[in-house]
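Trainee: Got a structure for you, written out below as structure tokens; questions coming shortly.
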Amino acid sequence: MSSSSEDSYSLEDVQGNLDVLRAIEDKVVEAIEGAESAEVLEYLVREQQLDLHHEGDQGIGRIRRAVLESPKASQDLKRTVITRGDDTPESILVPDEVERNAKTALRTGKPVVLYGPTGTGKTTFAKQLALRHCVGYSLHTATPSWTAKDIIGGIGPSLTGSSGYRSLNYETELGAVSEGVKRARDFNIPYAVILDEITRADISQIFGPLYTAIENRNQTLIETDDGETIELDEDVSIICTMNMSDRTVNELDNAITRRFAMVELDEYEDDDRRSLFEGWLESNLGEIPLLGNDDLLELFEADYDGINNGSEQASRGPIMRFGPMHYRDVTVFLREALQDESLYMDAPEEAVGQAFRTFIVPRLLNSAAFPQIEQIEEHYRALNKSFEMFDLAPAADLASRELEAERRRMGSYEQSSISDPDESYTYQPGTFSVPERGKIRIEGCPPSIGDQLRRASFEQEAANVFVKTQESLDDRDKEYRVVKVRVDGPVMHVTARDNVGIVTLTPRSKLRIEPKIDWDEIFDMLLAVHGRKRTIEYHGIPLDEFRTKDVDLEDVFLILAINYLNGLENIHRNGFVRQLETRRADLEQPRGVIDIEQSLLNQAEGRAKQHCLLKEVNYDNPANSLLHYAGTHLLRLFRQYEDKYDHQAYYHIFSQVHEEVRHLEQLDVTSGRRRIPEYRRFSLPDLPKQRHYYRQATEVAKAVVASSLGTPAMEGDRELVVDYVLNMESLFEQYSQIAIEDELNAIKVNDYIDQTENVSAVRSPTLKPFDRESQVYHQPDHAVEEGDQTLAVLDSKYYAEGKDPVKSGGSRSRLFSYAYLLDTAQMGFLTPLGEPRTRTVSQTGANLQVISPATDDFSLEEYHGSIRDYLYGALGTVYPALELFKAVEEHALCLDQHEMADLSRLTDSDGPFDFSNVHEFSLRVVNAAADTLSNQYRSRSDLEQGGKWTRRQIKTQCEDYLPQKTTCVPVFRREDDRERIDLYFVTRGEDGSPLDVSVADDFRLL
């Protein structure tokens, strides 16, 4: 092929030699490398598409590489060749907010994680994001076997030479990110690396070296064999996708959430989702009249809503988070099925059920725990009845088969009865109930009762006095007294502390410590605290010589399950115990280390296979098998008692345990009764010292296994601990913190002028009264702060009914000292069963309040209400407008033509609450009351003199205030069928903020 000059090609040159270029690939490469201008490249690639002609529509061949490396190629042309064959749709379907957040995050230079339930379009959006932000991208899907080498790269074996004369070498192999950096550098383009489904891999392991590089861009990721160093480049964007169908963001390693921008894809707006469904139905089934698209649309909506939000007919609530993208596959399936007589053209209603059976139900079952499988089965049975025009039985049948299989695997247990507590008992094997902080008497004890108490790990404190203490799992230096027993001949006097749950009394009997408040409330508190990832002080009991018939595991399995998960969280953070094992194998595709001598011998004997030494990882050891066995038994208990705990967090914990068992199974960990001897012999000292983080999970697992099998506790140097005893002081304190935070957030929502924006609830702030003496400090349980100022200080006191914490000298003195050190006049005791009361300190005018539900029985709803009232009062001394906002929240704004949102203009002199024209203002008040809010009157004309009497009362009150400095907010109040109007007069300060609020109340409508 001739050119105008020896080294360059003009547009005329390539046009005149087009036949040669179409015939010879090398000539195309030569022309691209020697192109005189960008026009030449545009002609060869965009107009003549010679890259497609020679290389097809996949991969980067020699022609495309030449274009990408050409300095004359435009970025747009490079995008064209690097995305040949890419079928990413142009239209972005994710919500606008998600798109904006993701684009903004990429511009900051942070790697982005797109997370959300399955079927929300994460992978498609990741590709769209890459194409809009960069010129090209590569997509890599994670697997469980991924290591840091797959991300960064590493050294790997390579065979060179021809057959019969091959030699083994080692060379640098680039990983996904380092390869992306090299492409961005070689092609001079912005480039994106998409890491899809990263939750399939061990995130902490694969991203370890990358974390450092993200924070330090000068950090070398890897060095190639040519000496080129690879560092993260600003032209490289990292986009990850993460399926979070049964996990939450706060379960992730902090390392990733600190270094990556987390962008959630979850809910689609109803209209957007419906538009998606309508578009897929029209494009795939619009010309196939065998099914009604309107009926299919309603089926899609009902199915999606039932899965994500629950349905009255079939479920106890939402099944799981599930995206709308799955339904596109259903429409494509139906399009193909209804155009072929050999498929479903003659039975279109059957095709619908088969489409759901093929694309929807398996994806639900893939991440479902047992309660969810039940819900799925019920859901599709109900849908089948509701949509009689379709046959959804295949979908329901598939869920039924999975449900039966799960039941067979998990087994079943009969629920045991619980005896009622009493004040006195006759000694016998079994369970004795004792109230929390209560006393019981057990008569007829044998002479050996002291020895039996010792065997149950009681310590003798004095003559005939025995105590059971337990160290905290969270603080090894801290011990708690759980039970005290005084032996008086054949009688035992048993006293319990503020712990609830199961405690061993003798090897053949136990104590059930019953709480002061209902178990339902306790478990709701426990689930709420666990959901916030706080640490409950659990206490344990030694299990020496315990047997199943003496300890009912089902009584406390929920506490055990939470401890089990907390223990496994430590293991996930640090790594599962594994062994590296070596085996030999002859392989056609060699991997591992090649035994050259044996490989040559193979070739001499006519075998072409290479003899390899394979290093394989084995996780199926006694430690991990024990965890798997315990997890499967906990799942059985969850299944058995699911009806007892109708709480969404219960199912969340169930799902977490189920996921942990699945994760162990993915590591090929097995368990079973045949391995019980291994579990008995195994103890923590058998593990390397650096594996101390296995402690909690192992102890809980051993407890579960020992109780479930009816066998003595396992061997080990340290006593086995079962977390059957829950310390109520700790639980109540931590739940109180959650309640304070929740109610403070609710107050902020109703603060229309954002005065409380910087107010926060702080748990256990440390107060050091002396400089350079850090060992001297105070710690109140809770504080409400704004910057450096403390607005209120509170202590939690889990006292019995009728006990006043203010009358406890020690508690009162501590709270006074906290208030003094924090310089606050607002103090409070939080109690579950106390009598609400407010006291004023005569010397300082400070307020001390007992915060407790006003009802006889404790309930979390009433407890939250009492905290809300306290916070409104305490904060109201600083922000007086809160009193008004609370009144509007509880009752109604009474001003015609205005809504609650107008309270943001509370102090505007010319705003909605200006009463300078009192005639018009009073008319708007009475109109709103009579025409809109009243149940007794239909309009202002029903009032005496058309409401003039009420308006005169309003005018009279307004005359006492200056409109130039005051605004007025009318509130309509209905109590016990009495309807009243209250006027809140707000005095403005010089800066326009509310300075004072006064109330003129109880105006009647006549």
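Labels for the structure tokens follow display order: chains A, B, ..., residues from 1 in each chain, ligands from 1.
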Need the shell around A:Lys149: protein/DNA/RNA residues with any atom at most 9 Å away, counting only C-alpha atoms. Skip same-chain ones fewer than 4 positions apart. Format as a list in words?
Mentor: Gly153, Gly154, Ile155, Glu173, Leu174, Gly175, Ala176 and Ile206 of chain A
Trainee: If we count only C-alpha atoms, what is near stretch 235-246 of chain A at a cut-off of 6 Å, once residues fewer than 5 positions away on the same chain are taken out, given as a list of chain:residue names?
Mentor: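 Within the cut-off, the hits are A:Pro111, A:Val112, A:Val113, A:Leu114, A:Tyr115, A:Gly116, A:Pro117, A:Thr118, A:Pro190, A:Tyr191, A:Ala192, A:Val193, A:Ile194, A:Leu195, A:Asp196, A:Glu197, A:Ile198, A:Thr199, A:Arg321.
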Trainee: Please save all heavy atoms of the selected residues as a CSV table (one decimal), in the first residue's frame.
Mentor:
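Generated output (out_3.csv):
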```
chain,number,residue,atom,x,y,z
A,111,PRO,N,-13.6,6.4,45.5
A,111,PRO,CA,-14.3,5.2,44.9
A,111,PRO,C,-15.8,5.2,45.4
A,111,PRO,O,-16.1,5.7,46.5
A,111,PRO,CB,-13.5,4.0,45.5
A,111,PRO,CG,-12.2,4.6,46.0
A,111,PRO,CD,-12.5,6.0,46.4
A,112,VAL,N,-16.6,4.6,44.6
A,112,VAL,CA,-18.1,4.6,44.9
A,112,VAL,C,-18.5,3.2,45.0
A,112,VAL,O,-18.2,2.3,44.2
A,112,VAL,CB,-18.8,5.3,43.7
A,112,VAL,CG1,-20.3,5.1,43.9
A,112,VAL,CG2,-18.5,6.8,43.7
A,113,VAL,N,-19.4,3.0,46.0
A,113,VAL,CA,-20.0,1.7,46.2
A,113,VAL,C,-21.5,1.9,46.0
A,113,VAL,O,-22.2,2.7,46.7
A,113,VAL,CB,-19.8,1.1,47.6
A,113,VAL,CG1,-20.7,-0.2,47.8
A,113,VAL,CG2,-18.3,0.7,47.8
A,114,LEU,N,-22.1,1.3,45.0
A,114,LEU,CA,-23.5,1.3,44.7
A,114,LEU,C,-24.1,0.1,45.4
A,114,LEU,O,-23.8,-1.1,45.0
A,114,LEU,CB,-23.8,1.2,43.2
A,114,LEU,CG,-23.2,2.3,42.3
A,114,LEU,CD1,-23.5,2.0,40.9
A,114,LEU,CD2,-23.6,3.7,42.7
A,115,TYR,N,-24.9,0.3,46.5
A,115,TYR,CA,-25.4,-0.9,47.2
A,115,TYR,C,-26.9,-0.8,47.3
A,115,TYR,O,-27.5,0.2,47.2
A,115,TYR,CB,-24.8,-0.9,48.6
A,115,TYR,CG,-25.3,0.2,49.6
A,115,TYR,CD1,-26.3,0.0,50.5
A,115,TYR,CD2,-24.7,1.5,49.6
A,115,TYR,CE1,-26.8,1.0,51.3
A,115,TYR,CE2,-25.1,2.5,50.4
A,115,TYR,CZ,-26.2,2.2,51.3
A,115,TYR,OH,-26.6,3.2,52.2
A,116,GLY,N,-27.5,-2.0,47.5
A,116,GLY,CA,-28.9,-2.1,47.6
A,116,GLY,C,-29.4,-3.5,47.3
A,116,GLY,O,-28.6,-4.4,47.1
A,117,PRO,N,-30.7,-3.7,47.4
A,117,PRO,CA,-31.2,-5.1,47.2
A,117,PRO,C,-31.0,-5.6,45.8
A,117,PRO,O,-30.7,-4.8,44.9
A,117,PRO,CB,-32.7,-4.9,47.5
A,117,PRO,CG,-32.8,-3.6,48.2
A,117,PRO,CD,-31.7,-2.8,47.7
A,118,THR,N,-31.1,-6.8,45.6
A,118,THR,CA,-31.0,-7.4,44.2
A,118,THR,C,-32.1,-6.8,43.4
A,118,THR,O,-33.2,-6.6,43.8
A,118,THR,CB,-31.1,-8.9,44.3
A,118,THR,OG1,-31.2,-9.5,43.0
A,118,THR,CG2,-32.3,-9.4,45.1
A,190,PRO,N,-9.6,8.9,30.7
A,190,PRO,CA,-10.2,8.6,32.0
A,190,PRO,C,-10.8,7.2,31.9
A,190,PRO,O,-11.5,6.9,30.9
A,190,PRO,CB,-11.3,9.7,32.1
A,190,PRO,CG,-11.1,10.7,31.1
A,190,PRO,CD,-10.3,10.0,30.0
A,191,TYR,N,-10.6,6.4,32.9
A,191,TYR,CA,-11.0,5.0,32.8
A,191,TYR,C,-11.6,4.5,34.1
A,191,TYR,O,-11.2,5.0,35.2
A,191,TYR,CB,-9.7,4.1,32.5
A,191,TYR,CG,-10.0,2.7,32.0
A,191,TYR,CD1,-10.4,2.5,30.7
A,191,TYR,CD2,-10.0,1.6,32.9
A,191,TYR,CE1,-10.7,1.2,30.2
A,191,TYR,CE2,-10.3,0.3,32.5
A,191,TYR,CZ,-10.6,0.1,31.1
A,191,TYR,OH,-10.9,-1.2,30.7
A,192,ALA,N,-12.6,3.7,34.0
A,192,ALA,CA,-13.3,3.2,35.2
A,192,ALA,C,-13.1,1.7,35.3
A,192,ALA,O,-13.1,1.0,34.3
A,192,ALA,CB,-14.8,3.5,35.1
A,193,VAL,N,-13.0,1.3,36.6
A,193,VAL,CA,-12.9,-0.1,36.9
A,193,VAL,C,-14.2,-0.4,37.7
A,193,VAL,O,-14.4,0.1,38.8
A,193,VAL,CB,-11.6,-0.4,37.7
A,193,VAL,CG1,-11.6,-1.9,38.1
A,193,VAL,CG2,-10.4,-0.1,36.9
A,194,ILE,N,-15.0,-1.3,37.2
A,194,ILE,CA,-16.2,-1.7,37.9
A,194,ILE,C,-16.0,-3.1,38.6
A,194,ILE,O,-15.6,-4.1,37.9
A,194,ILE,CB,-17.4,-1.8,37.0
A,194,ILE,CG1,-17.6,-0.5,36.3
A,194,ILE,CG2,-18.6,-2.3,37.7
A,194,ILE,CD1,-18.7,-0.5,35.2
A,195,LEU,N,-16.1,-3.1,39.9
A,195,LEU,CA,-16.0,-4.4,40.7
A,195,LEU,C,-17.4,-4.8,41.1
A,195,LEU,O,-18.0,-4.1,42.0
A,195,LEU,CB,-15.1,-4.2,41.9
A,195,LEU,CG,-13.7,-3.6,41.5
A,195,LEU,CD1,-12.9,-3.3,42.8
A,195,LEU,CD2,-12.9,-4.6,40.6
A,196,ASP,N,-17.9,-5.8,40.4
A,196,ASP,CA,-19.3,-6.1,40.6
A,196,ASP,C,-19.5,-7.2,41.7
A,196,ASP,O,-18.7,-8.1,41.8
A,196,ASP,CB,-19.9,-6.7,39.3
A,196,ASP,CG,-21.4,-6.6,39.2
A,196,ASP,OD1,-22.0,-5.8,39.9
A,196,ASP,OD2,-22.0,-7.4,38.4
A,197,GLU,N,-20.6,-7.0,42.5
A,197,GLU,CA,-21.0,-8.0,43.5
A,197,GLU,C,-19.8,-8.3,44.5
A,197,GLU,O,-19.5,-9.4,44.8
A,197,GLU,CB,-21.4,-9.3,42.9
A,197,GLU,CG,-22.6,-9.2,41.9
A,197,GLU,CD,-23.9,-9.0,42.7
A,197,GLU,OE1,-23.9,-8.9,43.9
A,197,GLU,OE2,-25.0,-9.0,42.1
A,198,ILE,N,-19.2,-7.3,45.1
A,198,ILE,CA,-18.1,-7.5,45.9
A,198,ILE,C,-18.4,-8.2,47.2
A,198,ILE,O,-17.5,-8.7,47.9
A,198,ILE,CB,-17.4,-6.1,46.2
A,198,ILE,CG1,-18.3,-5.2,47.0
A,198,ILE,CG2,-16.8,-5.5,45.0
A,198,ILE,CD1,-17.6,-3.9,47.5
A,199,THR,N,-19.7,-8.3,47.6
A,199,THR,CA,-20.0,-9.0,48.8
A,199,THR,C,-19.8,-10.5,48.6
A,199,THR,O,-19.8,-11.3,49.6
A,199,THR,CB,-21.5,-8.8,49.2
A,199,THR,OG1,-22.3,-8.6,48.0
A,199,THR,CG2,-21.6,-7.5,50.0
A,321,ARG,N,-36.2,-6.7,50.8
A,321,ARG,CA,-36.0,-5.7,49.8
A,321,ARG,C,-35.7,-6.4,48.4
A,321,ARG,O,-34.9,-7.3,48.3
A,321,ARG,CB,-34.9,-4.7,50.1
A,321,ARG,CG,-34.9,-4.1,51.5
A,321,ARG,CD,-36.2,-3.4,51.8
A,321,ARG,NE,-36.6,-2.4,50.8
A,321,ARG,CZ,-37.8,-2.0,50.6
A,321,ARG,NH1,-38.8,-2.6,51.2
A,321,ARG,NH2,-38.1,-1.1,49.7
```
Trainee: With only C-alpha atoms as the basis for distance, which of A:Val661, A:Leu933, A:Val14, A:Cys612 is at the shortest distance from A:Gln589?
Mentor: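 Between A:Val661, A:Leu933, A:Val14, A:Cys612, the residue approaching A:Gln589 most closely is A:Cys612.
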Trainee: One decimal, in Å: what's the spacing between atom CA of A:Ala1000 and atom CA of A:Leu983?
Mentor: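 Answer for the atom CA of A:Ala1000 to atom CA of A:Leu983 separation: 5.1 Å.
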Trainee: Could you write out, as a PyMOL selection string, all the residues of stretch 778-907 of chain A that DSSP marks as alpha helix (DSSP H)?
Mentor: chain A and resi 809-822+860-876+881-890
Trainee: For A:Leu995, please output as number ranges by chain all residues within 9 Å (counting only C-alpha atoms; exclusion window: fewer than 6 positions along the same chain).
Mentor: A: 879-881, 986-989
Trainee: Mind dumping the selected residues with N, CA and C atoms as a short mmCIF file (atom, residue, chain, number, x, y, z; two decimals), in the first residue's frame?
Mentor:
```
data_model
loop_
_atom_site.label_atom_id
_atom_site.label_comp_id
_atom_site.auth_asym_id
_atom_site.auth_seq_id
_atom_site.Cartn_x
_atom_site.Cartn_y
_atom_site.Cartn_z
N TYR A 879 -35.02 27.29 74.35
CA TYR A 879 -35.70 27.58 73.10
C TYR A 879 -37.21 27.60 73.36
N PRO A 880 -37.76 28.72 73.78
CA PRO A 880 -39.16 28.78 74.22
C PRO A 880 -40.15 28.43 73.12
N ALA A 881 -39.77 28.57 71.85
CA ALA A 881 -40.72 28.29 70.77
C ALA A 881 -41.06 26.80 70.70
N VAL A 986 -45.54 35.20 70.74
CA VAL A 986 -44.09 34.99 70.63
C VAL A 986 -43.41 36.34 70.55
N THR A 987 -42.58 36.65 71.54
CA THR A 987 -41.84 37.90 71.57
C THR A 987 -40.51 37.73 70.84
N ARG A 988 -40.21 38.64 69.90
CA ARG A 988 -38.98 38.56 69.13
C ARG A 988 -37.83 39.24 69.86
N GLY A 989 -36.65 38.66 69.74
CA GLY A 989 -35.45 39.33 70.22
C GLY A 989 -34.92 40.26 69.16
#
```
Trainee: Of the candidates A:Thr824, A:Ile32, A:Gly353, A:Tyr170, which shows the shortest atom-to-atom distance to A:Asn384, using only C-alpha atoms?
Mentor: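 For A:Asn384, the nearest of the given residues is A:Gly353.
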Trainee: What lies within 10 Å of A:Gly947 using only C-alpha atoms, ignoring chain neighbours under 6 positions off, as a list of chain:residue names?
Mentor: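 Close residues of A:Gly947: A:Ser922, A:Leu923, A:Val926, A:Asn927, A:Ala930, A:Ser939, A:Arg940, A:Ser941, A:Leu1005, A:Leu1006.
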Trainee: Given only C-alpha atoms as the basis, pick out the residue of A:Asn750, A:Gln49, A:Thr224, A:Ser852 nearest to A:Ala800.
Mentor: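 Of A:Asn750, A:Gln49, A:Thr224, A:Ser852, the one nearest A:Ala800 is A:Ser852, counting only C-alpha atoms.
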Trainee: Which residues are close to A:Asn570, i.e. within 10 Å by only C-alpha atoms, leaving aside same-chain residues fewer than 2 positions away? Reply as a list in words.
Mentor: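 Neighbouring residues, sequence-local ones excluded: Leu565, Asn566, Gly567, Leu568, His572, Arg573, Asn574, Gly575, Phe576, His692, Tyr693, Tyr694, Arg695, Gln696 and Ala697 of chain A.
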Trainee: Find the residues around A:Val776 up to 12 Å (only C-alpha atoms counted), leave out those fewer than 6 positions away in its own chain, and share them as a list in words.
Mentor: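 My reading of the contact set: Thr766, Leu767, Lys768, Pro769 and Phe770 of chain A.
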Trainee: Those residues with all heavy atoms, as a tab-separated table (two decimals), in the first residue's frame please?
Mentor:
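Final file, part_17.tsv:
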```
chain	number	residue	atom	x	y	z
A	766	THR	N	-17.41	11.80	79.59
A	766	THR	CA	-16.41	11.71	80.65
A	766	THR	C	-16.07	13.12	81.16
A	766	THR	O	-15.69	13.99	80.38
A	766	THR	CB	-15.13	11.03	80.14
A	766	THR	OG1	-15.47	9.72	79.69
A	766	THR	CG2	-14.08	10.94	81.24
A	767	LEU	N	-16.24	13.32	82.46
A	767	LEU	CA	-15.97	14.62	83.08
A	767	LEU	C	-14.73	14.50	83.96
A	767	LEU	O	-14.70	13.71	84.90
A	767	LEU	CB	-17.17	15.06	83.92
A	767	LEU	CG	-18.55	14.90	83.28
A	767	LEU	CD1	-19.64	15.28	84.27
A	767	LEU	CD2	-18.64	15.75	82.03
A	768	LYS	N	-13.71	15.28	83.64
A	768	LYS	CA	-12.46	15.25	84.42
A	768	LYS	C	-12.32	16.59	85.13
A	768	LYS	O	-11.96	17.61	84.52
A	768	LYS	CB	-11.27	15.00	83.49
A	768	LYS	CG	-11.35	13.63	82.80
A	768	LYS	CD	-10.19	13.40	81.85
A	768	LYS	CE	-10.30	12.05	81.17
A	768	LYS	NZ	-9.21	11.80	80.21
A	769	PRO	N	-12.56	16.60	86.44
A	769	PRO	CA	-12.58	17.89	87.16
A	769	PRO	C	-11.20	18.50	87.36
A	769	PRO	O	-11.10	19.70	87.62
A	769	PRO	CB	-13.23	17.53	88.50
A	769	PRO	CG	-12.99	16.07	88.67
A	769	PRO	CD	-12.97	15.48	87.29
A	770	PHE	N	-10.14	17.70	87.24
A	770	PHE	CA	-8.79	18.21	87.55
A	770	PHE	C	-7.88	18.02	86.35
A	770	PHE	O	-7.87	16.95	85.72
A	770	PHE	CB	-8.19	17.50	88.76
A	770	PHE	CG	-9.09	17.49	89.96
A	770	PHE	CD1	-9.60	16.29	90.45
A	770	PHE	CD2	-9.45	18.66	90.60
A	770	PHE	CE1	-10.44	16.26	91.55
A	770	PHE	CE2	-10.29	18.65	91.69
A	770	PHE	CZ	-10.79	17.45	92.17
```
Trainee: Using only C-alpha atoms, which residues sit within 12 Å of A:Gln897 once same-chain residues fewer than 4 positions away are excluded, as a list in words?
Mentor: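 Here the answer would be Leu893, Ala901, Asp902, Pro912, Phe913, Phe921, Leu923, Arg924, Val925, Val926, Asn927, Ala928, Ala929, Asp931 and Thr932 of chain A.
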